[in-house]
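**Student:** I have a structure I would like to understand better, so I am pasting it below and will then ask my questions one at a time.
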Amino acid sequence: MRKSCFAITAAVLLLGAAALLMGVHNRIFADQVQTPAANAEVSTSPLELLMEGNQRFVQGTALNMDRDDARRAELLTGQQPFAVIVSCSDSRVPPELVFDQGLGRLFVVRLAGNIIDSAAAGSVEYAVEHLHVHLVLVLGHDQCGAVKAAIQGGSFSPELQSVVDEITPAVQKARTLGGDLLENAINMNAELQADKLSELPAFKDEINQGQLQIVAARYELESGKVDVLGTIPAE
């Protein structure tokens with residue numbers, strides 16, 4: 001009986017030690033992933049932080065940091081996200097998981113087809129002007145239903161038609177290209193939505209001064225990998 005109790009006690013202690021070490025590891029990593037504006041000594045760019053997180057996601061080594069009660073308490077006084085992600089509402093493309101980021105790291109705007117309507121533009125503007133975010137990434141993905149709808153056309157409700165109308169210019173441009181229409185339209189849509197953001201008067205000065213980068217990217221459902229399609233300004 002004493003041996004059994006001793007074994008249970010030892011197991012509990014080991015589990016506690018492992019949990020403590022994991023917490024320390026995650027906190028150390030979290031300290032390294034600071035918003036560049038808040039830590040001038042950090043050399044890793046916001047885009048590099050995102051791509052490193054995506055690599056962990058693809059490899060199955062996600063850290064899943066900053067999701068505990070301590071992190072929630074930290075965020076009670078405010079937020080300092082290091083990137084804005086404009087993504088599709090598709091349930092298979094959750095930005096925080098795709099880029100392996102915890103609470104308070106990403107400012108996420110999600111609409112079908114990763115479109116930039118007035119509400120989305122206003123949300124991004126808030127993050128750039130008031131939260132001082134220096135990276136906006138527009139994330140398209142393969143098999144996008146909204147892009148498929150824009151290609152196929154048909155009769156839609158006024159609300160759905162407003163989504164299709166935002167994507168139609170990308171489909172029109174994709175039709176002039178060789179290759180797979182859907183694939184080209186998905187890429188073109190992400191790029192045109194990023195272009196739309198770059199043309200907003202509120203962002204002109206930041207882009208020209210190198211204070212804001214806008215990126216178009218694409219997520220692959222099967223691999224989980226994110227590929228950059230283009231950047232504004234160009235790297």
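Lettering and numbering for the structure tokens are positional, with chains as A, B, ... in the shown order, residues counted from 1 in each chain, and ligands counted from 1 in the shown order.
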Write out as an MDAnalysis selection string each polymer residue whose atoms come within 10 Å of Leu103 (chain A), counting only C-alpha atoms; drop sequence neighbours fewer than 3 positions from it.
**Tutor:** chainID A and resid 64:68 71:72 74:75 79 81 96 106:107
**Student:** Go through region 34-117 of chain A and collect every residue that DSSP, computed from the backbone, puts in helix (DSSP H, G or I); the answer should be as a PyMOL selection string.
**Tutor:** chain A and resi 36-38+46-59+69-77+95-98+112-114
**Student:** Env of Leu212 (chain A): 12 Å cut, atoms = only C-alpha atoms, seq-sep filter 3 positions within chain, self excluded. Answer as a short mmCIF file (atom, residue, chain, number, x, y, z; two decimals) with C-alpha atoms, in the first residue's frame.
**Tutor:**
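The result, stored in part-v1.cif:
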```
data_model
loop_
_atom_site.label_atom_id
_atom_site.label_comp_id
_atom_site.auth_asym_id
_atom_site.auth_seq_id
_atom_site.Cartn_x
_atom_site.Cartn_y
_atom_site.Cartn_z
CA ALA A 37 6.82 48.43 -31.87
CA SER A 45 9.84 40.92 -38.54
CA PRO A 46 6.10 40.41 -38.05
CA LEU A 47 5.90 38.46 -41.31
CA PHE A 82 1.72 42.31 -34.02
CA ALA A 83 -0.27 41.57 -37.20
CA VAL A 84 -3.68 41.94 -38.79
CA VAL A 124 -8.01 47.16 -40.37
CA GLU A 125 -7.65 50.93 -40.11
CA ALA A 127 -5.70 48.16 -35.84
CA VAL A 128 -3.12 50.14 -37.81
CA GLU A 129 -3.89 53.58 -36.40
CA HIS A 132 0.03 50.46 -34.16
CA VAL A 133 0.16 47.23 -36.14
CA HIS A 134 2.74 47.24 -38.93
CA LEU A 135 1.66 44.18 -40.94
CA VAL A 136 -1.62 43.31 -42.65
CA LEU A 137 -1.86 39.88 -44.28
CA LEU A 197 -6.15 48.17 -48.71
CA SER A 198 -2.95 49.73 -50.01
CA ALA A 202 -5.34 56.28 -44.32
CA PHE A 203 -2.45 53.94 -45.17
CA LYS A 204 -0.58 55.89 -47.82
CA ASP A 205 1.89 57.61 -45.50
CA GLU A 206 2.64 54.46 -43.47
CA ILE A 207 3.33 52.45 -46.63
CA ASN A 208 5.50 55.14 -48.21
CA GLN A 209 7.50 55.53 -45.00
CA VAL A 215 0.83 41.04 -47.84
CA THR A 231 3.93 42.26 -50.68
CA ILE A 232 3.25 46.00 -50.67
CA PRO A 233 5.74 47.58 -50.77
CA ALA A 234 7.60 44.87 -52.66
#
```
**Student:** With DSSP run on the backbone, what are the strand (DSSP E) residues within region 122-213 of chain A? I'd like them as a list of chain:residue names.
**Tutor:**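 Of region 122-213 of chain A, the ones in strand (DSSP E) are A:Leu135, A:Val136, A:Leu137, A:Val138, A:Leu139, A:Gly140, A:His141, A:Gln213.
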**Student:** Take the residues from that selection and put them in a file with C-alpha atoms, as a short mmCIF file (atom, residue, chain, number, x, y, z; two decimals), in the first residue's frame.
**Tutor:**
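Ended up saving to again.cif:
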```cif
data_model
loop_
_atom_site.label_atom_id
_atom_site.label_comp_id
_atom_site.auth_asym_id
_atom_site.auth_seq_id
_atom_site.Cartn_x
_atom_site.Cartn_y
_atom_site.Cartn_z
CA LEU A 135 1.66 44.18 -40.94
CA VAL A 136 -1.62 43.31 -42.65
CA LEU A 137 -1.86 39.88 -44.28
CA VAL A 138 -4.78 39.03 -46.60
CA LEU A 139 -5.14 35.25 -46.54
CA GLY A 140 -6.94 33.39 -49.33
CA HIS A 141 -7.23 29.61 -49.48
CA GLN A 213 3.49 46.22 -45.02
#
```
**Student:** Which one of A:His130, A:Ala146, A:Ala62, A:Ile85 sits closest to Ile214 (chain A) if you count only C-alpha atoms?
**Tutor:**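 When distances to Ile214 (chain A) are compared using only C-alpha atoms, the smallest one comes from A:Ile85.
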**Student:** Which distance in Å separates CA of Glu199 (chain A) and CA of Glu52 (chain A), to one decimal?
**Tutor:**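 According to the coordinates, CA of Glu199 (chain A) and CA of Glu52 (chain A) are separated by 28.6 Å.
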**Student:** Give the answer as one residue: which of A:Thr44, A:Gln152, A:Asn114, A:Ser223 has the shortest atom-to-atom distance to Ile186 (chain A), using only C-alpha atoms?
**Tutor:**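 Smallest separation from Ile186 (chain A) among the options: A:Asn114.
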**Student:** How many Å lie between CA of Ala70 (chain A) and CA of Leu97 (chain A), rounded to one decimal?
**Tutor:** 19.6 Å
**Student:** Would you list the contacts of Met188 (chain A) as a PDB file with N, CA and C atoms, in the first residue's frame, taking every protein, DNA or RNA residue within 8 Å and counting only C-alpha atoms, but skipping same-chain residues closer than 5 positions in sequence?
**Tutor:**
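Output below, filename out.pdb:
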```pdb
ATOM      1  N   ALA A 170     -11.627  39.982 -59.499  1.00  0.00           N
ATOM      2  CA  ALA A 170     -10.548  38.984 -59.508  1.00  0.00           C
ATOM      3  C   ALA A 170     -10.855  37.868 -60.491  1.00  0.00           C
ATOM      4  N   VAL A 171     -12.103  37.452 -60.562  1.00  0.00           N
ATOM      5  CA  VAL A 171     -12.499  36.405 -61.506  1.00  0.00           C
ATOM      6  C   VAL A 171     -12.321  36.888 -62.937  1.00  0.00           C
ATOM      7  N   LYS A 173     -10.199  39.082 -64.062  1.00  0.00           N
ATOM      8  CA  LYS A 173      -8.773  39.091 -64.390  1.00  0.00           C
ATOM      9  C   LYS A 173      -8.248  37.676 -64.563  1.00  0.00           C
ATOM     10  N   ALA A 174      -8.720  36.758 -63.739  1.00  0.00           N
ATOM     11  CA  ALA A 174      -8.259  35.369 -63.821  1.00  0.00           C
ATOM     12  C   ALA A 174      -8.657  34.722 -65.146  1.00  0.00           C
TER      13      ALA A 174
END
```
**Student:** In Å, rounded to a single decimal, give me how far CA of Gly230 (chain A) is from CA of Ala120 (chain A).
**Tutor:**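 Between CA of Ala120 (chain A) and CA of Gly230 (chain A) the gap works out to 20.2 Å.
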**Student:** Set the distance at 7 Å and use only C-alpha atoms: which residues neighbour Gln193 (chain A) once local chain neighbours fewer than 4 positions away are removed? I'd like the list as a list in words.
**Tutor:** Ile115, Ile116, Asn189 and Leu197 of chain A
**Student:** Find the residue from A:Leu221, A:Ala194, A:Val147, A:Ala112 that sits nearest to Glu159 (chain A); use only C-alpha atoms when measuring.
**Tutor:**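 Closest residue, counting only C-alpha atoms: A:Ala112.
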**Student:** Give me, as a list in words, all polymer residues having an atom no more than 12 Å from Gln55 (chain A), counting only C-alpha atoms and skipping those fewer than 5 positions away in the same chain.
**Tutor:**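 In the requested form, the answer reads Glu48, Leu49, Leu50, Gly60, Thr61, Ala62, Leu63, Leu97, Val98, Phe99, Asp100, Gln101, Ser223, Gly224, Lys225, Val226 and Asp227 of chain A.
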**Student:** Those residues with N, CA and C atoms, as a compact mmCIF listing (two decimals), in the first residue's frame please?
**Tutor:**
```txt
# COMPACT_ATOMS: atom_id res chain seq x y z
N GLU A 48 7.93 37.36 -40.58
CA GLU A 48 8.74 36.19 -40.22
C GLU A 48 8.14 35.45 -39.03
N LEU A 49 7.60 36.19 -38.07
CA LEU A 49 6.96 35.55 -36.92
C LEU A 49 5.76 34.71 -37.38
N LEU A 50 4.98 35.25 -38.30
CA LEU A 50 3.84 34.50 -38.82
C LEU A 50 4.28 33.24 -39.54
N GLY A 60 3.49 20.08 -37.04
CA GLY A 60 2.88 19.48 -35.86
C GLY A 60 3.61 19.76 -34.58
N THR A 61 4.35 20.88 -34.54
CA THR A 61 5.11 21.24 -33.33
C THR A 61 4.60 22.55 -32.73
N ALA A 62 3.32 22.82 -32.90
CA ALA A 62 2.74 24.05 -32.40
C ALA A 62 2.95 24.21 -30.90
N LEU A 63 3.28 25.42 -30.48
CA LEU A 63 3.55 25.69 -29.08
C LEU A 63 2.28 25.95 -28.28
N LEU A 97 -4.68 29.37 -35.23
CA LEU A 97 -4.11 28.02 -35.30
C LEU A 97 -3.12 27.91 -36.45
N VAL A 98 -3.50 28.44 -37.60
CA VAL A 98 -2.64 28.36 -38.79
C VAL A 98 -1.27 28.97 -38.54
N PHE A 99 -1.24 30.06 -37.75
CA PHE A 99 0.02 30.74 -37.48
C PHE A 99 0.54 30.47 -36.07
N ASP A 100 -0.09 29.56 -35.35
CA ASP A 100 0.33 29.16 -34.00
C ASP A 100 0.58 30.38 -33.11
N GLN A 101 -0.46 31.16 -32.93
CA GLN A 101 -0.37 32.35 -32.10
C GLN A 101 -1.43 32.31 -31.00
N SER A 223 -2.02 20.68 -46.83
CA SER A 223 -0.71 20.74 -46.18
C SER A 223 -0.70 21.64 -44.95
N GLY A 224 -1.60 22.61 -44.91
CA GLY A 224 -1.58 23.59 -43.83
C GLY A 224 -0.59 24.72 -44.05
N LYS A 225 0.04 24.73 -45.22
CA LYS A 225 1.10 25.69 -45.49
C LYS A 225 0.56 27.00 -46.05
N VAL A 226 1.17 28.10 -45.64
CA VAL A 226 0.86 29.42 -46.15
C VAL A 226 1.98 29.87 -47.08
N ASP A 227 1.62 30.31 -48.26
CA ASP A 227 2.59 30.83 -49.23
C ASP A 227 2.30 32.31 -49.49
```
